[in-house]
>>> print(open('target27.txt').read())   # compact mmCIF, C-alpha atoms
# COMPACT_ATOMS: atom_id res chain seq x y z
CA MET J 60 0.00 0.00 0.00
CA GLY J 61 1.29 3.46 -0.89
CA MET J 62 1.52 6.43 1.41
CA GLN J 63 -1.79 7.82 2.60
CA TRP J 64 -2.69 11.26 1.31
CA THR J 65 -5.61 13.62 0.85
CA THR J 66 -6.23 16.89 -0.97
CA ASN J 67 -8.69 17.98 1.74
CA ALA J 68 -7.75 20.99 3.83
CA GLN J 69 -7.63 20.21 7.54
CA GLN J 70 -9.99 22.36 9.64
CA VAL J 71 -9.68 23.43 13.29
CA ALA J 72 -12.29 24.21 15.93
CA PRO J 73 -12.46 26.68 17.46
CA SER J 74 -10.86 28.58 14.58
CA ALA J 75 -8.73 31.72 15.06
CA ALA J 76 -9.48 31.62 18.79
CA VAL J 77 -8.23 30.03 21.98
CA GLY J 78 -9.55 26.57 22.75
CA VAL J 79 -12.78 26.00 24.60
CA SER J 80 -12.48 26.19 28.38
CA VAL J 81 -13.30 23.13 30.48
CA THR J 82 -13.39 23.22 34.28
CA PRO J 83 -12.46 19.80 35.71
CA SER J 84 -14.18 18.18 38.65
CA GLY J 85 -12.59 18.75 42.04
CA THR J 86 -12.81 14.97 42.60
CA ALA J 87 -10.18 12.76 40.98
CA TRP J 88 -11.30 10.88 37.86
CA VAL J 89 -14.82 12.30 37.86
CA ASP J 90 -16.03 13.64 34.50
CA SER J 91 -16.35 17.37 33.92
CA SER J 92 -19.39 18.80 32.20
CA TRP J 93 -19.49 18.61 28.40
CA VAL J 94 -18.40 21.82 26.64
CA GLN J 95 -19.40 22.52 23.04
CA VAL J 96 -16.65 22.76 20.42
CA ILE J 97 -18.83 22.81 17.28
CA ALA J 98 -22.50 23.81 17.45
CA SER J 99 -23.44 22.15 14.14
CA ALA J 100 -21.03 20.44 11.75
CA SER J 101 -21.28 22.02 8.29
CA ALA J 102 -20.90 18.61 6.61
CA ASP J 103 -20.05 15.03 7.53
CA ALA J 104 -16.64 15.26 9.19
CA VAL J 105 -13.67 13.08 10.18
CA LEU J 106 -11.86 13.75 13.50
CA THR J 107 -8.06 13.90 13.06
CA GLY J 108 -6.75 15.20 16.38
CA ILE J 109 -7.26 16.68 19.86
CA ILE J 110 -5.16 19.55 21.25
CA VAL J 111 -4.75 19.82 25.03
CA ALA J 112 -3.62 22.96 26.89
CA GLN J 113 -3.28 22.54 30.65
CA PRO J 114 -3.10 25.42 33.15
CA GLY J 115 0.31 24.66 34.68
CA ILE J 116 -0.44 21.79 37.05
CA SER J 117 2.38 19.48 38.08
CA ASN J 118 2.13 15.68 38.07
CA VAL J 119 -1.33 15.33 36.56
CA ASP J 120 -2.75 12.32 34.69
CA PHE J 121 -5.74 13.06 32.49
CA GLU J 122 -8.23 11.70 29.96
CA VAL J 123 -10.23 13.56 27.33
CA ASP J 124 -13.45 12.48 25.60
CA ILE J 125 -14.77 13.85 22.31
CA GLY J 126 -18.53 13.38 22.02
CA VAL J 127 -21.13 13.87 19.31
CA GLY J 128 -24.79 14.69 19.94
CA GLY J 129 -27.11 17.11 21.66
CA ALA J 130 -26.50 18.38 25.19
CA GLY J 131 -27.12 15.51 27.58
CA SER J 132 -27.04 12.92 24.76
CA GLU J 133 -23.38 12.96 23.75
CA VAL J 134 -21.89 9.73 22.37
CA VAL J 135 -18.13 9.36 22.87
CA ILE J 136 -16.21 8.82 19.61
CA ALA J 137 -12.67 9.23 20.98
CA THR J 138 -10.85 9.03 24.32
CA VAL J 139 -7.18 9.84 24.89
CA LYS J 140 -5.03 9.79 28.02
CA GLY J 141 -1.74 11.38 29.04
CA PHE J 142 0.39 12.89 31.80
CA PHE J 143 2.10 16.24 32.40
CA ILE J 144 4.94 16.20 34.91
CA ASP J 145 4.91 19.99 35.39
CA ASN J 146 3.95 23.24 33.71
CA LEU J 147 6.93 23.00 31.33
CA ALA J 148 4.87 20.90 28.92
CA TYR J 149 6.40 22.34 25.75
CA GLY J 150 5.18 21.45 22.29
CA PRO J 151 1.85 21.30 20.50
CA ASN J 152 0.36 18.70 22.90
CA LEU J 153 -1.45 17.22 19.92
CA PHE J 154 -3.13 13.82 20.21
CA PRO J 155 -3.44 12.71 16.58
CA CYS J 156 -6.05 10.19 15.54
CA ILE J 157 -3.72 7.72 13.86
CA LEU J 158 -6.85 6.28 12.28
CA PRO J 159 -9.04 9.34 11.65
CA ILE J 160 -12.52 8.83 13.09
CA ASP J 161 -15.38 9.04 10.61
CA ALA J 162 -18.19 9.59 13.12
CA ILE J 163 -19.30 13.24 12.94
CA PRO J 164 -22.53 13.54 10.92
CA ASN J 165 -23.58 16.67 9.08
CA GLY J 166 -25.36 19.06 11.46
CA SER J 167 -24.21 17.33 14.62
CA ARG J 168 -22.92 19.03 17.76
CA VAL J 169 -19.38 18.16 18.91
CA ALA J 170 -18.30 18.55 22.55
CA VAL J 171 -15.42 17.75 24.90
CA ARG J 172 -15.13 16.67 28.54
CA MET J 173 -12.22 15.58 30.75
CA ARG J 174 -11.28 13.83 33.97
CA LYS J 175 -7.96 13.77 35.80
CA SER J 176 -6.02 12.91 38.93
CA GLY J 177 -5.96 15.36 41.82
CA THR J 178 -8.40 18.01 42.99
CA SER J 179 -7.38 21.14 41.06
CA VAL J 180 -10.25 22.97 39.33
CA LEU J 181 -8.06 25.26 37.23
CA THR J 182 -9.48 25.58 33.72
CA TRP J 183 -8.07 23.53 30.83
CA SER J 184 -8.39 24.38 27.13
CA PHE J 185 -9.15 22.09 24.17
CA ALA J 186 -9.41 22.23 20.39
CA ILE J 187 -9.88 19.66 17.64
CA THR J 188 -8.75 19.14 14.05
CA TYR J 189 -10.88 17.50 11.36
CA TYR J 190 -11.60 17.03 7.65
CA LEU J 191 -14.90 17.76 5.98
CA LYS J 192 -16.20 15.02 3.70
CA PRO J 193 -16.06 13.91 0.98
CA ILE J 194 -12.43 12.85 1.41
CA THR J 195 -10.34 12.91 -1.75
CA GLY J 196 -7.27 10.66 -1.76
CA THR J 197 -6.24 7.43 -0.06
CA LEU J 198 -6.83 8.33 3.60
CA LEU J 199 -7.90 5.33 5.71
CA VAL J 200 -10.57 6.17 8.29
CA THR J 201 -12.67 4.26 10.82
CA ALA J 202 -16.08 4.61 12.43
CA SER J 203 -14.88 2.61 15.45
CA PRO J 204 -14.35 4.87 18.52
CA LEU J 205 -10.86 5.45 19.88
CA LEU J 206 -10.70 3.76 23.30
CA CYS J 207 -8.17 3.68 26.14
CA VAL J 208 -7.24 1.20 28.85
CA PRO J 209 -7.19 1.60 31.77
CA THR J 210 -9.79 4.35 31.83
CA GLY J 211 -10.61 6.65 34.72
CA ALA J 212 -7.27 5.81 36.34
CA VAL J 213 -3.51 6.04 35.97
CA GLY J 214 -1.82 3.32 33.94
CA VAL J 215 -1.08 -0.13 35.33
CA SER J 216 2.25 -0.42 37.17
CA ALA J 217 4.95 -2.40 35.36
CA THR J 218 8.08 -2.65 37.53
CA ALA J 219 11.45 -3.14 35.86
CA ASN J 220 13.81 -5.77 37.25
CA LEU J 221 16.37 -4.75 39.88
CA SER J 222 19.08 -5.51 37.30
CA THR J 223 19.38 -2.91 34.56
CA TRP J 224 17.85 -3.79 31.20
CA VAL J 225 16.28 -6.98 32.56
CA SER J 226 12.53 -7.24 32.08
CA GLY J 227 10.25 -7.21 35.09
CA SER J 228 7.16 -9.35 35.47
CA TRP J 229 4.24 -9.14 33.07
CA VAL J 230 1.25 -7.11 34.32
CA GLU J 231 -2.25 -7.51 32.89
CA LEU J 232 -3.80 -4.67 30.86
CA ILE J 233 -6.86 -6.47 29.46
CA ALA J 234 -8.14 -9.76 30.87
CA SER J 235 -9.84 -10.74 27.61
CA THR J 236 -10.49 -8.58 24.57
CA ALA J 237 -14.16 -8.34 23.63
CA SER J 238 -13.16 -8.26 19.95
CA ALA J 239 -9.99 -8.08 17.91
CA ILE J 240 -8.33 -4.70 18.51
CA VAL J 241 -5.98 -2.37 16.64
CA VAL J 242 -3.51 -0.49 18.87
CA THR J 243 -2.58 3.08 17.87
CA GLY J 244 -0.78 4.33 20.99
CA VAL J 245 1.13 3.12 24.05
CA TYR J 246 1.10 5.29 27.17
CA ALA J 247 4.35 4.76 29.13
CA LYS J 248 5.09 7.08 32.05
CA ASN J 249 8.06 7.39 34.38
CA SER J 250 9.26 10.86 35.38
CA LEU J 251 12.83 10.10 36.57
CA THR J 252 15.20 12.49 34.80
CA GLY J 253 17.51 10.72 32.36
CA LEU J 254 15.72 7.37 32.53
CA GLN J 255 15.85 5.23 29.40
CA TYR J 256 13.32 2.41 29.32
CA GLU J 257 11.45 -0.04 27.13
CA VAL J 258 7.92 -1.38 27.41
CA ASP J 259 6.74 -4.63 25.82
CA ILE J 260 3.11 -5.26 24.96
CA GLY J 261 2.35 -8.98 25.01
CA THR J 262 -0.52 -11.37 24.46
CA GLY J 263 -1.29 -14.74 26.01
CA GLY J 264 -2.00 -16.35 29.34
CA ALA J 265 -0.02 -15.54 32.48
CA GLY J 266 3.42 -17.09 32.10
CA SER J 267 2.96 -17.65 28.36
CA GLU J 268 3.02 -14.08 27.03
CA THR J 269 4.39 -13.35 23.55
CA THR J 270 5.70 -9.85 22.80
CA VAL J 271 3.79 -8.20 19.93
CA HIS J 272 5.14 -4.65 20.21
CA THR J 273 7.91 -2.73 22.02
CA VAL J 274 8.29 1.02 22.59
CA ARG J 275 11.43 2.88 23.66
CA CYS J 276 11.30 5.95 25.91
CA TYR J 277 13.68 8.57 27.29
CA ASN J 278 13.03 11.21 29.96
CA ASN J 279 14.89 14.45 29.19
CA ASN J 280 15.24 16.64 32.31
CA GLY J 281 12.09 15.10 33.75
CA ASP J 282 9.69 17.62 32.24
CA GLY J 283 7.04 17.71 29.56
CA GLY J 284 4.41 15.21 28.51
CA PRO J 285 2.05 13.73 27.49
CA TYR J 286 4.06 10.44 27.56
CA MET J 287 2.19 8.87 24.65
CA ASN J 288 4.01 6.78 22.06
CA TRP J 289 2.11 6.90 18.77
CA LEU J 290 2.08 3.87 16.49
CA ARG J 291 2.30 5.47 13.06
CA ASN J 292 1.86 1.94 11.77
CA PRO J 293 -1.06 0.66 13.88
CA LEU J 294 -0.70 -2.80 15.44
CA ASP J 295 -3.33 -5.22 14.09
CA ASN J 296 -2.15 -8.36 15.87
CA ILE J 297 -4.42 -8.84 18.89
CA PRO J 298 -7.37 -11.22 18.36
CA SER J 299 -10.66 -11.42 20.18
CA SER J 300 -10.76 -13.18 23.60
CA THR J 301 -7.06 -12.46 24.15
CA ARG J 302 -5.31 -11.44 27.36
CA VAL J 303 -3.06 -8.37 26.92
CA ALA J 304 -0.19 -7.56 29.28
CA CYS J 305 2.88 -5.34 29.57
CA ARG J 306 6.34 -5.41 31.13
CA ALA J 307 9.21 -2.92 31.49
CA ARG J 308 13.01 -2.74 31.69
CA ALA J 309 15.26 0.28 32.20
CA ASN J 310 18.78 1.62 32.69
CA SER J 311 17.96 2.03 36.40
CA GLY J 312 16.74 -0.93 38.41
CA SER J 313 13.25 -1.37 39.90
CA GLN J 314 11.74 1.66 38.16
CA VAL J 315 7.94 1.65 37.91
CA VAL J 316 6.45 2.50 34.50
CA LEU J 317 2.73 3.25 34.26
CA VAL J 318 1.34 1.76 31.06
CA GLY J 319 -1.87 2.10 29.05
CA LEU J 320 -3.12 1.63 25.48
CA LEU J 321 -5.09 3.56 22.90
CA TYR J 322 -6.94 1.25 20.51
CA HIS J 323 -9.91 0.65 18.22
CA ALA J 324 -12.16 -2.39 18.45
CA LYS J 325 -12.70 -4.24 15.17
CA PRO J 326 -14.42 -4.18 12.77
CA LEU J 327 -12.98 -0.81 11.85
>>> encode(input="target27.txt", output="structure tokens")
Amino acid sequence: MGMQWTTNAQQVAPSAAVGVSVTPSGTAWVDSSWVQVIASASADAVLTGIIVAQPGISNVDFEVDIGVGGAGSEVVIATVKGFFIDNLAYGPNLFPCILPIDAIPNGSRVAVRMRKSGTSVLTWSFAITYYLKPITGTLLVTASPLLCVPTGAVGVSATANLSTWVSGSWVELIASTASAIVVTGVYAKNSLTGLQYEVDIGTGGAGSETTVHTVRCYNNNGDGGPYMNWLRNPLDNIPSSTRVACRARANSGSQVVLVGLLYHAKPL
């Protein structure tokens, strides 16, 4: 298959303005209210990304939902998760939809909500990117929502072995997949400055795991975020009714890496 491309111009919302303001709950991992990003889509649209601007909070894990539908009837089409170690979270803080999500009908309302660790109620800001249909080109899209695991919580704790660069024990992420899944991102968080580490994603029963993907991470000066490793080539190698686990190893012994996944359930 050749490179994906499109002649469509990417759109942003809100346009030529700061992102919409969302006030988080003062209770950890409780959803905020929905906040409207688009009142009425001007055509069928395909979600391509979510931009997150946080207010300068240190050590905060978070999740963001994008929903479609009237106020009080929103249906979630995408969820992403991440972590900011401090307010020096440089960069665009863009969460791209590796598989753009074809789930915004013409005339529909689009909204955002969030949840996070901690009790701060400082306001966050969000924007989205999207294409209007029809799409011209070879862009692959999906109507399957973008999901994350674990949700409403920090990642699962994978502890590296005491010996450097020796893998720790496998830790379960999903007990049994409800369908085949396609992984588009691996969340891997450890905030120790200068730490180099690897995370394996594996499938199979406890004690019989087979590695299906590995990510490599490096913490530079301990700052930044959002600690998400994007799979530009999505992983389509996890069948239905399959246990999914993770393990870690690092250049410093016994480090704990918090791990999660972004994925789509098949059929796409």
>>> residues_around(input="target27.txt", residues="Leu232 in chain J", least_positions_apart="3", cutoff="12 Å", atoms="all atoms listed in the file", output="PyMOL selection string")
chain J and resi 207-210+213-217+229+235-236+245-246+259-265+301-306+317-321
>>> closest_residue(input="target27.txt", among="J:Val96, J:Ala170, J:Ile233, J:Val119", to="Ala76 in chain J", atoms="all atoms listed in the file")
J:Val96
>>> atom_distance(input="target27.txt", atom1="CA of Thr252 in chain J", atom2="CA of Thr273 in chain J")
21.2 Å
>>> residues_around(input="target27.txt", residues="Thr223 in chain J", least_positions_apart="6", cutoff="12 Å", atoms="only C-alpha atoms", output="list of chain:residue names")
J:Leu254, J:Gln255, J:Tyr256, J:Glu257, J:Ala307, J:Arg308, J:Ala309, J:Asn310, J:Ser311, J:Gly312, J:Ser313, J:Gln314
>>> atom_distance(input="target27.txt", atom1="CA of Val200 in chain J", atom2="CA of Gln63 in chain J")
10.6 Å
>>> atom_distance(input="target27.txt", atom1="CA of Ala100 in chain J", atom2="CA of Phe185 in chain J")
17.3 Å
>>> axis_aligned_box(input="target27.txt", around="range 62-70 of chain J", padding_each_side="8 Å", output="AutoDock Vina command-line options")
--center_x -4.2 --center_y 14.4 --center_z 4.3 --size_x 27.5 --size_y 31.9 --size_z 26.6
>>> closest_residue(input="target27.txt", among="J:Gly126, J:Gly141, J:Pro83, J:Gly266", to="Ala212 in chain J", atoms="all atoms listed in the file")
J:Gly141
>>> closest_residue(input="target27.txt", among="J:Val81, J:Val316, J:Val134, J:Ile97", to="Asn220 in chain J", atoms="all atoms listed in the file")
J:Val316
>>> closest_residue(input="target27.txt", among="J:Ala137, J:Ile297, J:Ala104, J:Val242", to="Leu191 in chain J", atoms="all atoms listed in the file")
J:Ala104
>>> residues_around(input="target27.txt", residues="Ile194 in chain J", least_positions_apart="2", cutoff="8 Å", atoms="all atoms listed in the file", output="list of chain:residue names")
J:Thr65, J:Thr66, J:Asn67, J:Tyr190, J:Leu191, J:Lys192, J:Gly196, J:Leu198
>>> closest_residue(input="target27.txt", among="J:Asn296, J:Ser167, J:Ser117, J:Ser184", to="Ser238 in chain J", atoms="only C-alpha atoms")
J:Asn296
>>> residues_near_point(input="target27.txt", point="(-11.0, 9.3, 37.8)", cutoff="6 Å", atoms="all atoms listed in the file", output="PDB file with C-alpha atoms, in the coordinates of the input")
ATOM      1  CA  ALA J  87     -10.180  12.760  40.980  1.00  0.00           C
ATOM      2  CA  TRP J  88     -11.300  10.880  37.860  1.00  0.00           C
ATOM      3  CA  VAL J  89     -14.820  12.300  37.860  1.00  0.00           C
ATOM      4  CA  ARG J 174     -11.280  13.830  33.970  1.00  0.00           C
ATOM      5  CA  LYS J 175      -7.960  13.770  35.800  1.00  0.00           C
ATOM      6  CA  GLY J 211     -10.610   6.650  34.720  1.00  0.00           C
ATOM      7  CA  ALA J 212      -7.270   5.810  36.340  1.00  0.00           C
TER       8      ALA J 212
END
>>> closest_residue(input="target27.txt", among="J:Ile160, J:Ala75, J:Gln95, J:Met173", to="Tyr322 in chain J", atoms="all atoms listed in the file")
J:Ile160
>>> residues_around(input="target27.txt", residues="Arg168 in chain J", least_positions_apart="6", cutoff="7 Å", atoms="only C-alpha atoms", output="PyMOL selection string")
chain J and resi 97-100+127-129
>>> residues_around(input="target27.txt", residues="Leu181 in chain J", least_positions_apart="3", cutoff="10 Å", atoms="all atoms listed in the file", output="PyMOL selection string")
chain J and resi 80-85+113-116+178
>>> write_last_selection(input="target27.txt", atoms="C-alpha atoms", output="CSV table (one decimal), keeping the file's coordinate frame")
chain,number,residue,atom,x,y,z
J,80,SER,CA,-12.5,26.2,28.4
J,81,VAL,CA,-13.3,23.1,30.5
J,82,THR,CA,-13.4,23.2,34.3
J,83,PRO,CA,-12.5,19.8,35.7
J,84,SER,CA,-14.2,18.2,38.6
J,85,GLY,CA,-12.6,18.8,42.0
J,113,GLN,CA,-3.3,22.5,30.6
J,114,PRO,CA,-3.1,25.4,33.2
J,115,GLY,CA,0.3,24.7,34.7
J,116,ILE,CA,-0.4,21.8,37.0
J,178,THR,CA,-8.4,18.0,43.0
